[in-house]
file structure-v1.cif (mmCIF, C-alpha atoms)
data_entry
#
loop_
_atom_site.label_atom_id
_atom_site.label_comp_id
_atom_site.auth_asym_id
_atom_site.auth_seq_id
_atom_site.Cartn_x
_atom_site.Cartn_y
_atom_site.Cartn_z
CA MET A 1 29.28 233.57 -143.45
CA TYR A 2 32.88 233.74 -144.71
CA PRO A 3 35.81 234.56 -142.39
CA LYS A 4 36.51 238.31 -142.49
CA SER A 5 39.75 238.29 -144.55
CA LEU A 6 38.06 236.07 -147.11
CA GLU A 7 35.07 238.41 -147.28
CA THR A 8 37.46 241.35 -147.89
CA LEU A 9 39.22 239.48 -150.68
CA ILE A 10 35.88 238.62 -152.31
CA GLU A 11 34.96 242.31 -152.26
CA CYS A 12 38.29 243.14 -153.93
CA PHE A 13 37.72 240.68 -156.75
CA LYS A 14 34.31 242.23 -157.33
CA ILE A 15 35.95 245.44 -158.63
CA LEU A 16 37.05 243.49 -161.73
CA PRO A 17 34.81 244.13 -164.76
CA GLY A 18 32.10 241.51 -165.24
CA VAL A 19 32.95 239.72 -161.98
CA GLY A 20 29.94 239.19 -159.72
CA THR A 21 29.61 237.67 -156.27
CA LYS A 22 29.76 234.03 -157.46
CA SER A 23 32.92 234.47 -159.54
CA ALA A 24 34.56 236.61 -156.86
CA GLN A 25 33.91 233.86 -154.28
CA ARG A 26 35.36 231.28 -156.66
CA TYR A 27 38.47 233.39 -157.28
CA ALA A 28 38.98 234.12 -153.57
CA LEU A 29 38.60 230.48 -152.55
CA LEU A 30 41.06 229.45 -155.24
CA MET A 31 43.60 231.91 -153.87
CA LEU A 32 43.59 230.00 -150.55
CA GLU A 33 44.78 226.91 -152.41
CA LYS A 34 47.71 228.72 -154.04
CA SER A 35 51.19 228.69 -152.51
CA ASP A 36 52.50 231.57 -150.39
CA GLU A 37 54.94 232.42 -153.20
CA GLU A 38 52.20 232.68 -155.82
CA ILE A 39 50.11 234.95 -153.61
CA GLN A 40 53.12 237.10 -152.75
CA MET A 41 53.91 237.37 -156.47
CA PHE A 42 50.33 238.33 -157.33
CA ALA A 43 50.22 241.01 -154.62
CA GLN A 44 53.61 242.37 -155.71
CA ALA A 45 52.58 242.34 -159.39
CA LEU A 46 49.56 244.51 -158.56
CA ILE A 47 51.69 247.05 -156.70
CA ASP A 48 54.51 247.00 -159.28
CA ALA A 49 52.18 247.51 -162.23
CA LYS A 50 50.45 250.40 -160.46
CA ASN A 51 53.75 252.03 -159.42
CA ASN A 52 55.89 251.41 -162.50
CA ILE A 53 53.51 251.94 -165.41
CA LYS A 54 53.26 255.60 -166.40
CA PRO A 55 52.18 257.42 -169.57
CA CYS A 56 55.05 258.06 -172.02
CA LYS A 57 56.10 261.73 -171.83
CA ILE A 58 55.97 262.03 -175.62
CA CYS A 59 52.95 260.03 -176.79
CA GLY A 60 50.97 259.07 -173.69
CA ASN A 61 51.37 255.32 -174.30
CA TYR A 62 51.90 253.18 -171.17
CA THR A 63 55.56 252.58 -170.36
CA GLU A 64 57.84 251.70 -167.48
CA GLY A 65 60.39 254.44 -168.19
CA ASP A 66 59.88 258.08 -169.20
CA ILE A 67 59.72 257.36 -172.92
CA CYS A 68 57.94 254.30 -174.37
CA ASP A 69 59.57 251.63 -176.53
CA ILE A 70 57.86 252.90 -179.66
CA CYS A 71 58.91 256.55 -179.22
CA SER A 72 62.49 255.51 -178.46
CA ASP A 73 62.71 253.10 -181.43
CA ASP A 74 64.79 254.94 -184.07
CA THR A 75 63.91 252.42 -186.78
CA ARG A 76 60.29 253.57 -186.77
CA ASP A 77 59.02 256.28 -189.10
CA SER A 78 59.07 259.45 -187.01
CA SER A 79 57.24 261.51 -189.63
CA THR A 80 53.90 259.71 -189.13
CA ILE A 81 51.72 259.81 -186.03
CA CYS A 82 48.70 257.58 -185.53
CA VAL A 83 46.29 259.21 -183.05
CA VAL A 84 44.36 256.70 -180.94
CA GLN A 85 41.93 256.87 -178.04
CA SER A 86 43.72 254.60 -175.63
CA PHE A 87 46.68 252.37 -174.90
CA LYS A 88 44.57 249.34 -175.89
CA ASP A 89 44.31 250.72 -179.44
CA VAL A 90 48.12 250.92 -179.64
CA ILE A 91 48.25 247.21 -178.75
CA ALA A 92 45.59 246.41 -181.38
CA MET A 93 47.50 248.36 -184.05
CA GLU A 94 50.85 246.83 -183.11
CA LYS A 95 49.38 243.34 -183.41
CA THR A 96 48.76 243.96 -187.12
CA GLN A 97 52.55 244.51 -187.57
CA GLU A 98 51.67 246.73 -190.54
CA TYR A 99 52.09 250.20 -189.06
CA HIS A 100 55.64 251.41 -188.47
CA GLY A 101 55.14 255.04 -187.45
CA ARG A 102 54.65 256.59 -184.02
CA TYR A 103 51.49 256.93 -181.92
CA HIS A 104 49.72 259.56 -179.89
CA VAL A 105 47.33 258.44 -177.17
CA LEU A 106 44.52 260.94 -176.52
CA ASN A 107 43.39 259.17 -173.36
CA GLY A 108 39.70 259.32 -174.26
CA VAL A 109 37.39 261.02 -176.73
CA ILE A 110 35.27 264.16 -176.61
CA SER A 111 31.95 263.19 -175.03
CA SER A 112 29.22 265.58 -173.98
CA VAL A 113 27.42 262.72 -172.18
CA LYS A 114 30.45 261.90 -170.00
CA GLY A 115 31.46 265.58 -169.79
CA ILE A 116 34.82 264.99 -171.50
CA MET A 117 35.94 268.19 -173.25
CA PRO A 118 38.89 268.69 -175.65
CA GLN A 119 41.00 270.16 -172.83
CA ASP A 120 40.62 266.89 -170.87
CA LEU A 121 42.41 265.02 -173.67
CA ASN A 122 46.11 264.80 -174.49
CA ILE A 123 45.74 267.20 -177.46
CA ASP A 124 48.28 269.84 -176.36
CA GLY A 125 50.89 267.10 -176.37
CA LEU A 126 50.04 266.34 -179.99
CA LEU A 127 50.31 269.99 -181.09
CA LYS A 128 53.80 270.16 -179.54
CA ARG A 129 54.94 267.18 -181.66
CA LEU A 130 54.13 268.56 -185.13
CA ASP A 131 57.74 269.50 -186.02
CA GLY A 132 58.89 267.23 -188.89
CA ILE A 133 55.57 265.36 -189.05
CA LYS A 134 54.25 264.67 -192.56
CA GLU A 135 51.08 262.76 -191.78
CA ILE A 136 48.72 262.39 -188.86
CA ILE A 137 46.38 259.40 -189.10
CA ILE A 138 43.34 259.82 -186.89
CA ALA A 139 42.38 256.34 -185.71
CA THR A 140 39.67 257.06 -183.14
CA SER A 141 36.79 254.54 -183.25
CA PRO A 142 33.95 255.16 -185.74
CA THR A 143 31.49 255.99 -182.95
CA LEU A 144 29.69 259.27 -182.40
CA GLU A 145 32.35 260.39 -179.92
CA GLY A 146 35.22 259.08 -181.99
CA GLU A 147 33.96 260.90 -185.08
CA THR A 148 33.43 264.13 -183.14
CA THR A 149 36.97 263.92 -181.83
CA ALA A 150 38.34 263.16 -185.32
CA MET A 151 36.56 266.22 -186.74
CA TYR A 152 37.75 268.41 -183.88
CA LEU A 153 41.36 267.30 -184.46
CA ALA A 154 41.13 267.71 -188.24
CA ASN A 155 39.86 271.24 -187.66
CA ILE A 156 42.64 272.38 -185.32
CA LEU A 157 45.27 270.67 -187.52
CA LYS A 158 44.08 272.06 -190.86
CA ASP A 159 46.44 275.08 -190.94
CA LYS A 160 49.43 273.27 -189.43
CA ASN A 161 50.98 272.21 -192.76
CA VAL A 162 50.53 268.50 -192.08
CA LYS A 163 48.52 265.90 -193.99
CA VAL A 164 45.62 264.68 -191.81
CA THR A 165 44.01 261.35 -192.70
CA ARG A 166 41.27 259.21 -191.18
CA ILE A 167 41.26 255.38 -191.06
CA ALA A 168 38.78 253.98 -193.61
CA HIS A 169 35.16 253.21 -192.83
CA GLY A 170 33.59 250.23 -194.55
CA LEU A 171 32.64 246.63 -194.11
CA GLN A 172 34.70 244.57 -191.70
CA MET A 173 36.37 241.49 -193.10
CA GLY A 174 34.20 238.40 -192.68
CA SER A 175 31.00 240.40 -192.23
CA HIS A 176 27.85 239.76 -194.28
CA VAL A 177 26.24 242.55 -196.30
CA ASP A 178 22.74 241.57 -195.17
CA TYR A 179 23.71 241.83 -191.49
CA VAL A 180 25.63 245.09 -191.65
CA ASP A 181 24.02 248.24 -190.27
CA GLU A 182 22.85 250.87 -192.77
CA LEU A 183 25.42 253.53 -191.90
CA SER A 184 28.33 251.13 -192.41
CA LEU A 185 26.86 250.09 -195.76
CA ILE A 186 26.45 253.72 -196.86
CA LYS A 187 30.07 254.43 -195.87
CA ALA A 188 31.22 251.29 -197.68
CA MET A 189 29.43 252.40 -200.86
CA GLU A 190 30.77 255.96 -200.62
CA ASN A 191 34.32 254.75 -200.14
CA ARG A 192 34.22 252.16 -202.93
CA LYS A 193 37.47 251.62 -204.88
CA GLU A 194 38.10 250.66 -208.49
CA MET A 195 39.21 247.05 -208.83
CA MET B 1 54.11 244.16 -176.48
CA TYR B 2 53.05 245.22 -172.96
CA PRO B 3 55.45 246.85 -170.49
CA LYS B 4 57.05 244.16 -168.32
CA SER B 5 55.18 244.82 -165.03
CA LEU B 6 51.91 244.80 -166.92
CA GLU B 7 52.81 241.51 -168.61
CA THR B 8 53.58 240.02 -165.17
CA LEU B 9 50.23 241.19 -163.80
CA ILE B 10 48.40 239.71 -166.81
CA GLU B 11 50.09 236.37 -166.14
CA CYS B 12 48.97 236.55 -162.51
CA PHE B 13 45.34 237.12 -163.45
CA LYS B 14 45.53 234.11 -165.76
CA ILE B 15 45.80 231.77 -162.73
CA LEU B 16 42.15 232.57 -161.93
CA PRO B 17 39.75 229.83 -163.05
CA GLY B 18 38.15 230.50 -166.44
CA VAL B 19 40.24 233.63 -167.05
CA GLY B 20 42.02 233.59 -170.41
CA THR B 21 44.43 236.05 -171.98
CA LYS B 22 41.75 238.53 -173.10
CA SER B 23 40.08 238.78 -169.69
CA ALA B 24 43.42 238.88 -167.90
CA GLN B 25 44.50 241.82 -170.10
CA ARG B 26 41.21 243.56 -169.39
CA TYR B 27 41.59 243.06 -165.62
CA ALA B 28 45.23 244.17 -165.61
CA LEU B 29 44.52 247.33 -167.62
CA LEU B 30 41.64 248.19 -165.31
CA MET B 31 43.97 247.92 -162.33
CA LEU B 32 46.08 250.76 -163.77
CA GLU B 33 43.04 253.02 -163.59
CA LYS B 34 42.39 252.26 -159.91
CA SER B 35 43.71 254.47 -157.12
CA ASP B 36 46.89 253.61 -155.22
CA GLU B 37 44.75 252.91 -152.14
CA GLU B 38 42.55 250.42 -153.94
CA ILE B 39 45.54 248.54 -155.34
CA GLN B 40 47.25 248.53 -151.94
CA MET B 41 44.04 247.17 -150.40
CA PHE B 42 43.73 244.44 -153.03
CA ALA B 43 47.35 243.35 -152.58
CA GLN B 44 46.97 243.35 -148.78
CA ALA B 45 43.68 241.42 -148.99
CA LEU B 46 45.42 238.67 -150.98
CA ILE B 47 48.21 238.36 -148.43
CA ASP B 48 45.87 238.62 -145.42
CA ALA B 49 43.49 235.97 -146.70
CA LYS B 50 46.37 233.62 -147.44
CA ASN B 51 48.04 234.23 -144.05
CA ASN B 52 44.99 234.40 -141.78
CA ILE B 53 42.68 231.74 -143.11
CA LYS B 54 43.48 228.30 -141.69
CA PRO B 55 41.52 225.05 -141.29
CA CYS B 56 39.64 224.80 -137.97
CA LYS B 57 41.51 222.44 -135.61
CA ILE B 58 38.29 220.57 -134.84
CA CYS B 59 36.34 220.31 -138.07
CA GLY B 60 38.65 221.50 -140.88
CA ASN B 61 36.37 224.38 -141.88
CA TYR B 62 38.15 227.61 -142.89
CA THR B 63 38.56 230.08 -140.04
CA GLU B 64 40.71 232.99 -138.91
CA GLY B 65 41.33 231.65 -135.40
CA ASP B 66 42.15 228.12 -134.21
CA ILE B 67 38.51 227.05 -133.87
CA CYS B 68 35.84 228.09 -136.39
CA ASP B 69 32.67 230.03 -135.54
CA ILE B 70 30.49 226.95 -135.92
CA CYS B 71 32.57 224.72 -133.63
CA SER B 72 32.75 227.44 -130.98
CA ASP B 73 29.00 228.21 -131.11
CA ASP B 74 27.51 226.58 -127.99
CA THR B 75 23.95 227.06 -129.22
CA ARG B 76 24.49 224.53 -132.01
CA ASP B 77 23.70 220.84 -131.60
CA SER B 78 27.03 219.23 -130.72
CA SER B 79 25.68 215.68 -131.01
CA THR B 80 25.28 215.82 -134.81
CA ILE B 81 28.09 216.06 -137.36
CA CYS B 82 27.49 216.70 -141.05
CA VAL B 83 30.44 215.37 -143.06
CA VAL B 84 31.15 217.39 -146.23
CA GLN B 85 33.80 217.37 -148.93
CA SER B 86 34.87 220.98 -148.73
CA PHE B 87 34.49 224.38 -147.13
CA LYS B 88 32.20 225.41 -150.02
CA ASP B 89 29.71 222.74 -148.97
CA VAL B 90 29.61 224.19 -145.43
CA ILE B 91 28.68 227.56 -146.96
CA ALA B 92 25.98 225.90 -149.12
CA MET B 93 24.52 224.09 -146.08
CA GLU B 94 24.63 227.20 -143.89
CA LYS B 95 22.73 229.17 -146.53
CA THR B 96 19.73 226.86 -146.06
CA GLN B 97 19.59 227.92 -142.36
CA GLU B 98 18.00 224.52 -141.66
CA TYR B 99 20.92 222.58 -140.21
CA HIS B 100 22.01 223.44 -136.69
CA GLY B 101 24.60 220.77 -135.90
CA ARG B 102 28.35 220.78 -136.43
CA TYR B 103 30.38 219.97 -139.55
CA HIS B 104 33.39 217.95 -140.52
CA VAL B 105 35.28 218.92 -143.67
CA LEU B 106 37.01 215.95 -145.32
CA ASN B 107 39.00 218.14 -147.68
CA GLY B 108 38.29 215.98 -150.71
CA VAL B 109 36.89 212.59 -151.63
CA ILE B 110 38.47 209.21 -152.31
CA SER B 111 39.42 209.15 -156.00
CA SER B 112 41.46 206.46 -157.71
CA VAL B 113 41.71 208.69 -160.81
CA LYS B 114 43.25 211.58 -158.90
CA GLY B 115 45.16 209.22 -156.58
CA ILE B 116 43.37 210.46 -153.44
CA MET B 117 43.30 207.72 -150.81
CA PRO B 118 41.42 207.63 -147.46
CA GLN B 119 44.60 208.58 -145.58
CA ASP B 120 44.81 211.81 -147.62
CA LEU B 121 41.46 212.95 -146.19
CA ASN B 122 40.61 214.42 -142.78
CA ILE B 123 39.11 211.12 -141.54
CA ASP B 124 41.31 210.62 -138.46
CA GLY B 125 40.03 213.96 -137.20
CA LEU B 126 36.46 212.66 -137.52
CA LEU B 127 37.19 209.44 -135.62
CA LYS B 128 38.63 211.51 -132.73
CA ARG B 129 35.37 213.47 -132.45
CA LEU B 130 32.94 210.58 -131.93
CA ASP B 131 32.58 211.06 -128.16
CA GLY B 132 28.99 212.15 -127.40
CA ILE B 133 27.98 212.10 -131.08
CA LYS B 134 24.55 210.61 -131.81
CA GLU B 135 24.36 211.03 -135.57
CA ILE B 136 26.78 211.48 -138.44
CA ILE B 137 25.17 212.73 -141.66
CA ILE B 138 27.33 211.95 -144.68
CA ALA B 139 26.76 214.78 -147.15
CA THR B 140 29.36 214.08 -149.82
CA SER B 141 28.11 214.72 -153.38
CA PRO B 142 26.19 211.93 -155.14
CA THR B 143 29.05 211.34 -157.61
CA LEU B 144 31.08 208.17 -158.03
CA GLU B 145 33.79 209.50 -155.73
CA GLY B 146 31.32 210.97 -153.23
CA GLU B 147 29.45 207.66 -153.03
CA THR B 148 32.68 205.68 -152.62
CA THR B 149 33.73 207.99 -149.79
CA ALA B 150 30.30 207.71 -148.15
CA MET B 151 30.45 203.92 -148.25
CA TYR B 152 34.01 203.92 -146.90
CA LEU B 153 32.98 206.15 -144.00
CA ALA B 154 29.82 204.14 -143.25
CA ASN B 155 31.98 201.04 -143.11
CA ILE B 156 34.58 202.34 -140.65
CA LEU B 157 31.83 203.94 -138.52
CA LYS B 158 29.51 200.91 -138.33
CA ASP B 159 30.84 199.52 -135.02
CA LYS B 160 31.35 202.93 -133.37
CA ASN B 161 27.91 203.07 -131.73
CA VAL B 162 26.78 206.10 -133.73
CA LYS B 163 23.89 206.48 -136.19
CA VAL B 164 25.25 207.06 -139.69
CA THR B 165 22.90 208.62 -142.27
CA ARG B 166 23.29 209.72 -145.87
CA ILE B 167 21.59 212.78 -147.42
CA ALA B 168 18.69 211.71 -149.65
CA HIS B 169 19.01 211.01 -153.36
CA GLY B 170 16.09 211.91 -155.57
CA LEU B 171 14.80 214.52 -157.95
CA GLN B 172 15.97 218.09 -157.45
CA MET B 173 13.27 220.68 -156.89
CA GLY B 174 12.19 222.31 -160.16
CA SER B 175 13.51 219.47 -162.30
CA HIS B 176 11.40 217.67 -164.93
CA VAL B 177 10.94 213.91 -164.81
CA ASP B 178 11.46 213.57 -168.57
CA TYR B 179 14.81 215.36 -168.40
CA VAL B 180 16.23 213.62 -165.34
CA ASP B 181 18.97 210.99 -165.83
CA GLU B 182 17.99 207.34 -165.29
CA LEU B 183 20.02 206.76 -162.14
CA SER B 184 18.43 209.75 -160.38
CA LEU B 185 14.98 208.50 -161.38
CA ILE B 186 15.72 204.99 -160.09
CA LYS B 187 16.93 206.48 -156.78
CA ALA B 188 13.84 208.69 -156.60
CA MET B 189 11.56 205.68 -157.09
CA GLU B 190 13.46 203.57 -154.54
CA ASN B 191 13.30 206.34 -151.94
CA ARG B 192 9.62 207.13 -152.47
CA LYS B 193 7.65 208.20 -149.38
CA GLU B 194 4.02 207.72 -148.42
CA MET B 195 2.01 210.94 -148.79
#

call {"tool": "encode", "arguments": {"input": "structure-v1.cif", "output": "structure tokens"}}
result
Amino acid sequence: MYPKSLETLIECFKILPGVGTKSAQRYALLMLEKSDEEIQMFAQALIDAKNNIKPCKICGNYTEGDICDICSDDTRDSSTICVVQSFKDVIAMEKTQEYHGRYHVLNGVISSVKGIMPQDLNIDGLLKRLDGIKEIIIATSPTLEGETTAMYLANILKDKNVKVTRIAHGLQMGSHVDYVDELSLIKAMENRKEM
Amino acid sequence: MYPKSLETLIECFKILPGVGTKSAQRYALLMLEKSDEEIQMFAQALIDAKNNIKPCKICGNYTEGDICDICSDDTRDSSTICVVQSFKDVIAMEKTQEYHGRYHVLNGVISSVKGIMPQDLNIDGLLKRLDGIKEIIIATSPTLEGETTAMYLANILKDKNVKVTRIAHGLQMGSHVDYVDELSLIKAMENRKEM
């Protein structure tokens, strides 16, 4: 029903997460109304991002050069490494503006369901970075896979003469005790602090 | 916070309707996980759609050639023209598979608010097509602007020796009388038919 190039573009938009046929059609039709320059810029941006963005050779964070901005920033505390699952977690942490150490991006978590084993993760890279490190904060998500990965890392790091910590489990700010799941409540009680 | 090429790509995704910063970030990050081929295809699809899709020289419908598939289809009734606001309305009509005439895409409606005047619409093109036409069905939307445009067209077509009709106003299928707005109910009563 649509001209062929439009049909192709609709199919392309459908690869975006949560975008179905209706939205893809809407996006594609809107593109026809944009100027040649805007479309050229969009197409170039796709190719540039794909070509230029690579994992940092030290920490695995996305970067345009060999070494990411965080690893090459001498003002940051190089004796602390925060281990996260993905690049998105680095962004989330950086937004808090409270953490001033370095990162290490695992690029996933151990998952028997998805067949992701420790050797599929960027763990070797972490072990090579231990020189001069005082603390490793494991900041994988508090999910089954995240916890498994945290325990695995704590285990292989235990005789490496480095302090290994885990981000706290508890109630999220703004949550209501009566709506919180049992496990979170148990963790919150266990980890209670004197006021 | 993001590498520059990624930031650029996020900005590009934000031109899509209803896509805010969060979704744009999600889309852009997903693109990095796609293969080079997929990205190349997406970029090419954008450029191809923009370059290849043009308005049909007869009716204004989107097409890849000079004349659209509907105008060049000899099996369709060439004595009836359905006048619509946009290409999307052609698609909606074609989906019903009930209309077998030709179309004419106005490319908008008269709107004093948006400053769209009759001369900004594809009306001249319609007047040039009247030879051999028996009926013109005005299928602009039943909005203030759509109605204004319909009345304008009916007026300039009244001495052209062609039957001018307007799509019916009434209750939509599946709607409930107690929820329908007053104007629609008045129109539905006015246009009542003997059973």

call {"tool": "residues_around", "arguments": {"input": "structure-v1.cif", "residues": "Ile133 in chain B", "least_positions_apart": "5", "cutoff": "7 Å", "atoms": "all atoms listed in the file", "output": "PyMOL selection string"}}
result
chain B and resi 79-80+162

call {"tool": "residues_around", "arguments": {"input": "structure-v1.cif", "residues": "Ile91 in chain A", "least_positions_apart": "4", "cutoff": "10 Å", "atoms": "only C-alpha atoms", "output": "PyMOL selection string"}}
result
(chain A and resi 61+86-87+95-96) or (chain B and resi 1-2)

call {"tool": "residues_around", "arguments": {"input": "structure-v1.cif", "residues": "Lys187 in chain A", "least_positions_apart": "4", "cutoff": "8 Å", "atoms": "all atoms listed in the file", "output": "JSON list (two decimals) with C-alpha atoms, keeping the file's coordinate frame"}}
result
[["chain", "number", "residue", "atom", "x", "y", "z"],
["A", 169, "HIS", "CA", 35.16, 253.21, -192.83],
["A", 170, "GLY", "CA", 33.59, 250.23, -194.55],
["A", 183, "LEU", "CA", 25.42, 253.53, -191.90],
["A", 191, "ASN", "CA", 34.32, 254.75, -200.14]]

call {"tool": "resolve_selection", "arguments": {"input": "structure-v1.cif", "expression": "the PyMOL selection byres ((chain B and resi 55) around 12)", "output": "ChimeraX atom specification"}}
result
/A:3,32-33 /B:50-54,56-69,71,86-87,104-107,122,125

call {"tool": "closest_residue", "arguments": {"input": "structure-v1.cif", "among": "A:His176, A:Lys163, A:Lys88, A:Lys128", "to": "chain B", "atoms": "only C-alpha atoms"}}
result
A:Lys88

call {"tool": "atom_distance", "arguments": {"input": "structure-v1.cif", "atom1": "CA of Asp48 in chain B", "atom2": "CA of Arg76 in chain B"}}
result
28.9 Å

call {"tool": "closest_residue", "arguments": {"input": "structure-v1.cif", "among": "B:Gln85, B:Gln40, B:Ser175, B:Thr148", "to": "chain A", "atoms": "all atoms listed in the file"}}
result
B:Gln40

call {"tool": "atom_distance", "arguments": {"input": "structure-v1.cif", "atom1": "CA of Ser141 in chain B", "atom2": "CA of Ile110 in chain B"}}
result
11.8 Å

call {"tool": "closest_residue", "arguments": {"input": "structure-v1.cif", "among": "B:Ala154, B:Ala45, B:Leu121, B:Met31", "to": "Leu16 in chain A", "atoms": "all atoms listed in the file"}}
result
B:Met31

call {"tool": "residues_near_point", "arguments": {"input": "structure-v1.cif", "point": "(38.7, 231.8, -162.3)", "cutoff": "12 Å", "atoms": "all atoms listed in the file", "output": "list in words"}}
result
Phe13, Leu16, Val19, Gly20, Lys22, Ser23, Ala24, Gln25, Arg26, Tyr27, Ala28, Leu29, Leu30 and Met31 of chain A; Cys12, Phe13, Lys14, Ile15, Leu16, Pro17, Gly18, Val19, Gly20, Ser23 and Ala24 of chain B

call {"tool": "residues_around", "arguments": {"input": "structure-v1.cif", "residues": "Ala150 in chain A", "least_positions_apart": "5", "cutoff": "10 Å", "atoms": "all atoms listed in the file", "output": "ChimeraX atom specification"}}
result
/A:83-84,109-110,137-142,144-145,155,164-166

call {"tool": "axis_aligned_box", "arguments": {"input": "structure-v1.cif", "around": "range 24-34 of chain A", "padding_each_side": "6 Å", "output": "lines of an AutoDock Vina configuration file"}}
result
center_x = 40.8
center_y = 231.8
center_z = -153.9
size_x = 25.8
size_y = 21.7
size_z = 18.7

call {"tool": "decode", "arguments": {"input": "structure-v1.cif", "residues": "range 170-185 of chain B", "atoms": "N, CA, C and O atoms", "output": "mmCIF file, in the first residue's frame"}}
result
data_model
loop_
_atom_site.group_PDB
_atom_site.id
_atom_site.type_symbol
_atom_site.label_atom_id
_atom_site.label_comp_id
_atom_site.auth_asym_id
_atom_site.auth_seq_id
_atom_site.Cartn_x
_atom_site.Cartn_y
_atom_site.Cartn_z
ATOM 1 N N GLY B 170 -22.216 11.302 11.133
ATOM 2 C CA GLY B 170 -23.143 10.544 11.967
ATOM 3 C C GLY B 170 -22.390 9.904 13.108
ATOM 4 O O GLY B 170 -21.315 10.374 13.490
ATOM 5 N N LEU B 171 -22.980 8.832 13.648
ATOM 6 C CA LEU B 171 -22.325 8.159 14.760
ATOM 7 C C LEU B 171 -21.319 7.145 14.219
ATOM 8 O O LEU B 171 -21.604 6.436 13.251
ATOM 9 N N GLN B 172 -20.160 7.071 14.840
ATOM 10 C CA GLN B 172 -19.187 6.061 14.420
ATOM 11 C C GLN B 172 -19.633 4.695 14.924
ATOM 12 O O GLN B 172 -20.256 4.590 15.971
ATOM 13 N N MET B 173 -19.287 3.668 14.158
ATOM 14 C CA MET B 173 -19.655 2.307 14.548
ATOM 15 C C MET B 173 -19.019 2.000 15.902
ATOM 16 O O MET B 173 -17.860 2.320 16.137
ATOM 17 N N GLY B 174 -19.785 1.353 16.773
ATOM 18 C CA GLY B 174 -19.243 0.964 18.077
ATOM 19 C C GLY B 174 -19.323 2.060 19.115
ATOM 20 O O GLY B 174 -18.933 1.857 20.265
ATOM 21 N N SER B 175 -19.811 3.239 18.724
ATOM 22 C CA SER B 175 -19.894 4.323 19.705
ATOM 23 C C SER B 175 -21.200 4.203 20.488
ATOM 24 O O SER B 175 -22.112 3.477 20.101
ATOM 25 N N HIS B 176 -21.295 4.906 21.615
ATOM 26 C CA HIS B 176 -22.494 4.861 22.455
ATOM 27 C C HIS B 176 -23.171 6.215 22.417
ATOM 28 O O HIS B 176 -22.516 7.240 22.594
ATOM 29 N N VAL B 177 -24.495 6.192 22.209
ATOM 30 C CA VAL B 177 -25.250 7.433 22.063
ATOM 31 C C VAL B 177 -25.027 8.370 23.251
ATOM 32 O O VAL B 177 -24.866 9.578 23.083
ATOM 33 N N ASP B 178 -24.961 7.804 24.464
ATOM 34 C CA ASP B 178 -24.826 8.670 25.640
ATOM 35 C C ASP B 178 -23.432 9.284 25.781
ATOM 36 O O ASP B 178 -23.223 10.176 26.585
ATOM 37 N N TYR B 179 -22.468 8.782 25.021
ATOM 38 C CA TYR B 179 -21.120 9.339 25.106
ATOM 39 C C TYR B 179 -20.776 10.266 23.942
ATOM 40 O O TYR B 179 -19.749 10.914 23.938
ATOM 41 N N VAL B 180 -21.645 10.263 22.927
ATOM 42 C CA VAL B 180 -21.330 11.023 21.711
ATOM 43 C C VAL B 180 -21.540 12.519 21.944
ATOM 44 O O VAL B 180 -22.450 12.909 22.670
ATOM 45 N N ASP B 181 -20.690 13.362 21.336
ATOM 46 C CA ASP B 181 -20.861 14.812 21.501
ATOM 47 C C ASP B 181 -22.144 15.279 20.808
ATOM 48 O O ASP B 181 -22.632 14.626 19.886
ATOM 49 N N GLU B 182 -22.666 16.408 21.261
ATOM 50 C CA GLU B 182 -23.964 16.912 20.790
ATOM 51 C C GLU B 182 -24.028 17.112 19.288
ATOM 52 O O GLU B 182 -24.983 16.739 18.628
ATOM 53 N N LEU B 183 -22.962 17.724 18.736
ATOM 54 C CA LEU B 183 -22.978 18.063 17.310
ATOM 55 C C LEU B 183 -23.084 16.794 16.458
ATOM 56 O O LEU B 183 -23.827 16.760 15.476
ATOM 57 N N SER B 184 -22.359 15.732 16.868
ATOM 58 C CA SER B 184 -22.408 14.480 16.118
ATOM 59 C C SER B 184 -23.810 13.895 16.184
ATOM 60 O O SER B 184 -24.317 13.344 15.197
ATOM 61 N N LEU B 185 -24.453 14.033 17.352
ATOM 62 C CA LEU B 185 -25.793 13.485 17.529
ATOM 63 C C LEU B 185 -26.808 14.263 16.684
ATOM 64 O O LEU B 185 -27.680 13.659 16.044
#
